[in-house]
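Undergrad: You'll find target_15.cif just under this line, and it carries mmCIF, C-alpha atoms.
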data_run
loop_
_atom_site.label_atom_id
_atom_site.label_comp_id
_atom_site.auth_asym_id
_atom_site.auth_seq_id
_atom_site.Cartn_x
_atom_site.Cartn_y
_atom_site.Cartn_z
CA MET W 283 172.25 123.96 93.38
CA GLN W 284 169.23 124.32 91.05
CA ILE W 285 168.89 120.52 90.77
CA ALA W 286 168.88 120.10 94.54
CA ARG W 287 166.19 122.78 94.90
CA THR W 288 164.02 121.15 92.23
CA ARG W 289 164.31 117.79 93.97
CA PHE W 290 163.30 119.42 97.27
CA LEU W 291 160.17 121.00 95.74
CA PHE W 292 159.19 117.75 94.03
CA SER W 293 159.70 115.82 97.26
CA SER W 294 157.57 118.32 99.21
CA LEU W 295 154.80 118.15 96.62
CA LEU W 296 154.80 114.36 96.68
CA SER W 297 154.69 114.32 100.49
CA GLY W 298 151.75 116.76 100.55
CA LEU W 299 149.80 114.69 98.03
CA THR W 300 150.44 111.51 100.02
CA LEU W 301 149.27 113.19 103.23
CA ALA W 302 146.08 114.41 101.53
CA LEU W 303 145.26 110.91 100.33
CA VAL W 304 145.83 109.48 103.81
CA LEU W 305 143.62 112.12 105.44
CA ALA W 306 140.85 111.55 102.91
CA GLY W 307 140.93 107.83 103.60
CA THR W 308 140.75 108.25 107.37
CA GLY W 309 137.79 110.66 107.30
CA LEU W 310 139.72 113.75 108.43
CA MET W 311 138.67 115.61 105.30
CA PRO W 312 134.86 115.78 105.68
CA GLU W 313 134.49 118.30 102.88
CA ALA W 314 135.86 115.88 100.31
CA ARG W 315 133.88 112.90 101.64
CA ALA W 316 130.65 114.88 101.83
CA GLU W 317 130.61 115.20 98.07
CA ALA W 318 130.32 111.43 97.60
CA LYS W 319 126.74 110.16 97.30
CA PRO W 320 125.76 107.67 100.03
CA PHE W 321 125.20 104.10 98.86
CA LYS W 322 121.64 102.93 99.45
CA ARG W 323 121.48 99.26 100.33
CA GLN W 324 118.57 97.23 98.94
CA SER W 325 117.10 94.04 100.29
CA LEU W 326 117.46 90.83 98.34
CA MET W 327 113.66 90.62 97.83
CA ALA W 328 113.60 94.13 96.36
CA LEU W 329 116.26 93.10 93.85
CA LEU W 330 114.60 89.80 92.94
CA GLU W 331 110.98 91.07 92.91
CA PRO W 332 110.89 94.73 91.86
CA VAL W 333 107.64 96.57 92.57
CA ALA W 334 105.47 96.81 89.45
CA PRO W 335 104.57 100.37 88.43
CA LYS W 336 101.09 101.45 89.52
CA PRO W 337 98.73 101.62 86.53
CA ASP W 338 97.14 104.93 85.64
CA PRO W 339 93.49 105.32 86.73
CA VAL W 340 90.91 104.62 84.04
CA PRO W 341 87.23 105.61 83.74
CA THR W 342 85.17 103.14 85.79
CA LEU W 343 81.53 102.57 86.71
CA VAL W 344 80.83 101.46 90.29
CA LEU W 345 77.52 100.06 91.61
CA GLU W 346 76.89 99.94 95.36
CA ARG W 347 73.82 99.37 97.54
CA THR W 348 72.41 102.23 99.63
CA ASP W 349 70.00 102.37 102.57
CA ARG W 350 67.42 104.31 100.55
CA ARG W 351 64.24 102.93 98.93
CA LEU W 352 61.62 104.18 96.52
CA GLN W 353 58.77 105.33 98.73
CA THR W 354 55.94 104.03 96.53
CA THR W 355 57.21 100.51 95.74
CA GLY W 356 59.93 99.84 98.31
CA ASP W 357 62.57 99.11 95.64
CA PRO W 358 66.08 99.46 97.11
CA ILE W 359 67.98 102.31 95.47
CA TRP W 360 71.49 101.51 94.25
CA ASP W 361 74.21 104.12 93.73
CA LEU W 362 75.74 104.02 90.25
CA LYS W 363 78.87 106.17 90.01
CA ILE W 364 81.11 106.98 87.09
CA GLU W 365 84.68 107.83 88.03
CA ILE W 366 86.54 109.69 85.28
CA PRO W 367 90.12 110.70 86.19
CA GLY W 368 90.46 114.45 86.59
CA GLU W 369 86.70 115.06 86.67
CA PRO W 370 84.09 115.37 89.45
CA LEU W 371 82.39 112.15 90.53
CA ARG W 372 78.90 111.66 89.06
CA ARG W 373 76.20 109.65 90.86
CA PHE W 374 72.91 108.25 89.57
CA ASP W 375 70.01 106.53 91.36
CA ALA W 376 69.43 103.04 89.97
CA LEU W 377 67.54 99.81 90.63
CA SER W 378 68.83 96.26 90.23
CA GLY W 379 66.53 93.25 90.52
CA ARG W 380 63.01 93.24 91.93
CA ALA W 381 62.19 94.62 95.37
CA ASN W 382 61.15 91.20 96.72
CA ARG W 383 64.13 89.37 95.15
CA GLN W 384 67.04 91.27 96.67
CA ASN W 385 68.22 88.24 98.69
CA ALA W 386 67.73 85.64 95.94
CA ASN W 387 70.64 83.77 94.33
CA ARG W 388 72.46 86.46 92.38
CA ASP W 389 74.25 83.93 90.15
CA GLN W 390 71.14 81.99 89.11
CA LEU W 391 69.61 82.64 85.71
CA GLY W 392 66.04 83.95 86.02
CA SER W 393 66.33 84.73 89.75
CA ARG W 394 65.45 88.43 89.27
CA ALA W 395 68.06 89.21 91.91
CA PRO W 396 70.51 92.13 91.76
CA LEU W 397 73.73 91.83 89.76
CA PRO W 398 76.36 89.53 91.29
CA ILE W 399 79.38 91.16 92.92
CA GLY W 400 82.32 91.35 90.55
CA ARG W 401 83.81 93.10 87.52
CA TYR W 402 82.07 93.51 84.18
CA SER W 403 83.11 94.81 80.79
CA VAL W 404 80.95 97.64 79.45
CA GLY W 405 79.85 97.64 75.82
CA VAL W 406 78.86 100.42 73.47
CA VAL W 407 75.84 102.71 73.81
CA GLU W 408 73.06 101.44 71.53
CA PRO W 409 70.09 103.74 70.79
CA LEU W 410 66.69 101.99 70.92
CA ILE W 411 63.71 102.80 68.75
CA ASP W 412 60.87 104.37 70.73
CA GLY W 413 58.13 101.86 71.42
CA ASP W 414 60.13 98.73 70.56
CA TYR W 415 61.40 98.17 74.10
CA PRO W 416 59.09 100.12 76.43
CA GLU W 417 60.75 98.82 79.63
CA LEU W 418 64.30 99.66 78.51
CA GLY W 419 64.09 103.33 77.60
CA PRO W 420 66.02 105.24 74.93
CA VAL W 421 69.40 103.44 75.08
CA TRP W 422 70.92 100.06 75.99
CA ILE W 423 74.48 99.56 77.26
CA GLY W 424 75.43 95.90 77.42
CA ILE W 425 77.59 94.58 80.27
CA GLU W 426 79.38 91.23 80.35
CA PRO W 427 80.63 89.49 83.53
CA THR W 428 84.37 88.75 83.57
CA PHE W 429 83.76 85.89 86.03
CA THR W 430 81.73 82.67 86.02
CA THR W 431 78.01 83.19 86.66
CA GLY W 432 74.71 81.91 85.35
CA ARG W 433 73.39 85.40 84.60
CA ARG W 434 73.04 86.40 80.96
CA VAL W 435 71.80 89.29 78.77
CA LEU W 436 72.68 92.04 81.23
CA GLY W 437 72.89 95.75 80.66
CA ILE W 438 72.36 99.31 81.83
CA HIS W 439 69.11 100.97 80.76
CA LEU W 440 66.33 103.26 81.95
CA ASP W 441 63.61 101.75 84.14
CA PRO W 442 60.52 103.68 82.98
CA SER W 443 58.37 101.86 85.57
CA ALA W 444 60.57 102.78 88.54
CA GLY W 445 58.31 103.66 91.44
CA LEU W 446 55.12 102.76 89.58
CA GLN W 447 52.82 100.13 91.05
CA ASN W 448 52.46 98.21 87.80
CA ALA W 449 54.53 95.11 88.74
CA ASN W 450 57.39 96.30 86.49
CA SER W 451 59.25 98.53 88.92
CA GLY W 452 62.80 97.25 89.23
CA THR W 453 64.66 95.03 86.77
CA LEU W 454 65.23 91.37 85.99
CA GLY W 455 68.82 91.86 87.16
CA CYS W 456 70.10 94.69 84.96
CA ILE W 457 70.93 98.19 86.20
CA GLY W 458 67.86 100.37 85.65
CA LEU W 459 68.30 104.10 86.11
CA VAL W 460 65.40 105.86 87.78
CA ASN W 461 65.53 109.13 85.81
CA ARG W 462 65.57 109.50 82.02
CA SER W 463 67.84 112.57 82.11
CA ASP W 464 70.37 110.57 84.19
CA MET W 465 70.33 107.76 81.62
CA LEU W 466 71.06 110.14 78.77
CA GLU W 467 73.82 111.90 80.73
CA LEU W 468 75.43 108.57 81.70
CA ALA W 469 75.38 107.38 78.08
CA GLN W 470 77.07 110.59 76.98
CA LEU W 471 79.75 110.29 79.68
CA ILE W 472 80.49 106.66 78.77
CA GLU W 473 80.85 107.53 75.08
CA ARG W 474 83.06 110.55 75.77
CA SER W 475 85.33 108.94 78.37
CA GLY W 476 85.55 105.47 76.84
CA ALA W 477 84.61 103.86 80.16
CA ASP W 478 84.60 100.11 79.60
CA ARG W 479 84.53 98.55 83.06
CA LEU W 480 81.97 98.18 85.83
CA GLU W 481 82.55 97.07 89.41
CA VAL W 482 79.63 95.78 91.50
CA ARG W 483 80.85 96.05 95.09
CA ASP W 484 77.82 95.04 97.17
#
Write the structure described by the file as structure tokens, please.
TA:
Amino acid sequence: MQIARTRFLFSSLLSGLTLALVLAGTGLMPEARAEAKPFKRQSLMALLEPVAPKPDPVPTLVLERTDRRLQTTGDPIWDLKIEIPGEPLRRFDALSGRANRQNANRDQLGSRAPLPIGRYSVGVVEPLIDGDYPELGPVWIGIEPTFTTGRRVLGIHLDPSAGLQNANSGTLGCIGLVNRSDMLELAQLIERSGADRLEVRD
């Protein structure tokens, strides 16, 4: 009698388990199926060519033309920005090239035209001895094109003659900041942030 009862309980348990498995397979047990994470299908191109991670922003100098001019000499004013991640954008008025050479060949050596469009590497800040380079100001920051061009010996410096009618307003192609205080601030920001790239966009 006890054996028959045990067999009956075992048979009932086995039948209940079988029924549960059948219901789970047919979708009649939504609670159980809801726990399974949905499978996200990927395209073949996504598997073969995974998207490269986006690089972190780095300190960068950007030079762009503006519509403004120096009133006394007509030199076009360029906007030199330094973008340091996590800090406010700083802008400085600058000149590049001579006022009457803005449309000259920007890749030709000696053209006195503005800097060619492209990317440059930025060197270290080099203090200059007062009086040795009167048209360069207190510091020199060399820049080197990362593309092919005929321009050479380029840099960022103060233009002490900016706005003066002495035939020296503007630059031979470098970036010449209009204000001395701006030049000193820019040099300090470059040294502190480690900015080592410049983009000329116009």
Undergrad: Once the PyMOL selection byres ((chain W and resi 428-432) around 8) has been evaluated on this model, what residues remain selected, and can you format them as number ranges by chain?
TA: W: 389-391, 400-403, 426-427, 433-434
Undergrad: Just want the 8 Å neighbourhood of Val340 (chain W), counted on all atoms listed in the file, with same-chain residues fewer than 4 positions away dropped. Output as a list in words.
TA: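 Answer for this query is Ile366, Pro367 and Ala477 of chain W.
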Undergrad: May I have the residues from that selection written out with C-alpha atoms, as a PDB file, in the coordinates of the input?
TA:
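Contents of part.pdb, as written:
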ATOM      1  CA  ILE W 366      86.540 109.690  85.280  1.00  0.00           C
ATOM      2  CA  PRO W 367      90.120 110.700  86.190  1.00  0.00           C
ATOM      3  CA  ALA W 477      84.610 103.860  80.160  1.00  0.00           C
TER       4      ALA W 477
END
Undergrad: For the provided coordinates, the residues matched by the PyMOL selection byres ((chain W and resi 346) around 7) should be stated as a compact mmCIF listing (two decimals) with C-alpha atoms, in the frame of the given file.
TA:
# COMPACT_ATOMS: atom_id res chain seq x y z
CA VAL W 344 80.83 101.46 90.29
CA LEU W 345 77.52 100.06 91.61
CA ARG W 347 73.82 99.37 97.54
CA THR W 348 72.41 102.23 99.63
CA TRP W 360 71.49 101.51 94.25
CA ASP W 361 74.21 104.12 93.73
CA LEU W 362 75.74 104.02 90.25
CA VAL W 482 79.63 95.78 91.50
CA ARG W 483 80.85 96.05 95.09
CA ASP W 484 77.82 95.04 97.17
Undergrad: Figure out the distance between CA of Arg372 (chain W) and CA of Val407 (chain W), please, to one decimal in Å.
TA: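 Computing it gives 17.9 Å between the two atoms.
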Undergrad: Can you give me, as a PyMOL selection string, the residues this file yields under the PyMOL selection byres ((chain W and resi 376-381) around 7)?
TA: chain W and resi 356-362+374-375+382-384+394-397+452-460
Undergrad: Tell me, as a ChimeraX atom specification, which residues lie within 12 Å of region 461-472 of chain W, counting all atoms listed in the file; anything in the same chain fewer than 6 positions away does not count.
TA: /W:340-343,362-366,369-377,404-409,417-424,438-445,478-480
Undergrad: Calculate how many Å separate CA of Thr355 (chain W) from CA of Gln447 (chain W), rounding to one decimal.
TA: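 Spanning CA of Thr355 (chain W) to CA of Gln447 (chain W) is a straight-line distance of 6.4 Å.
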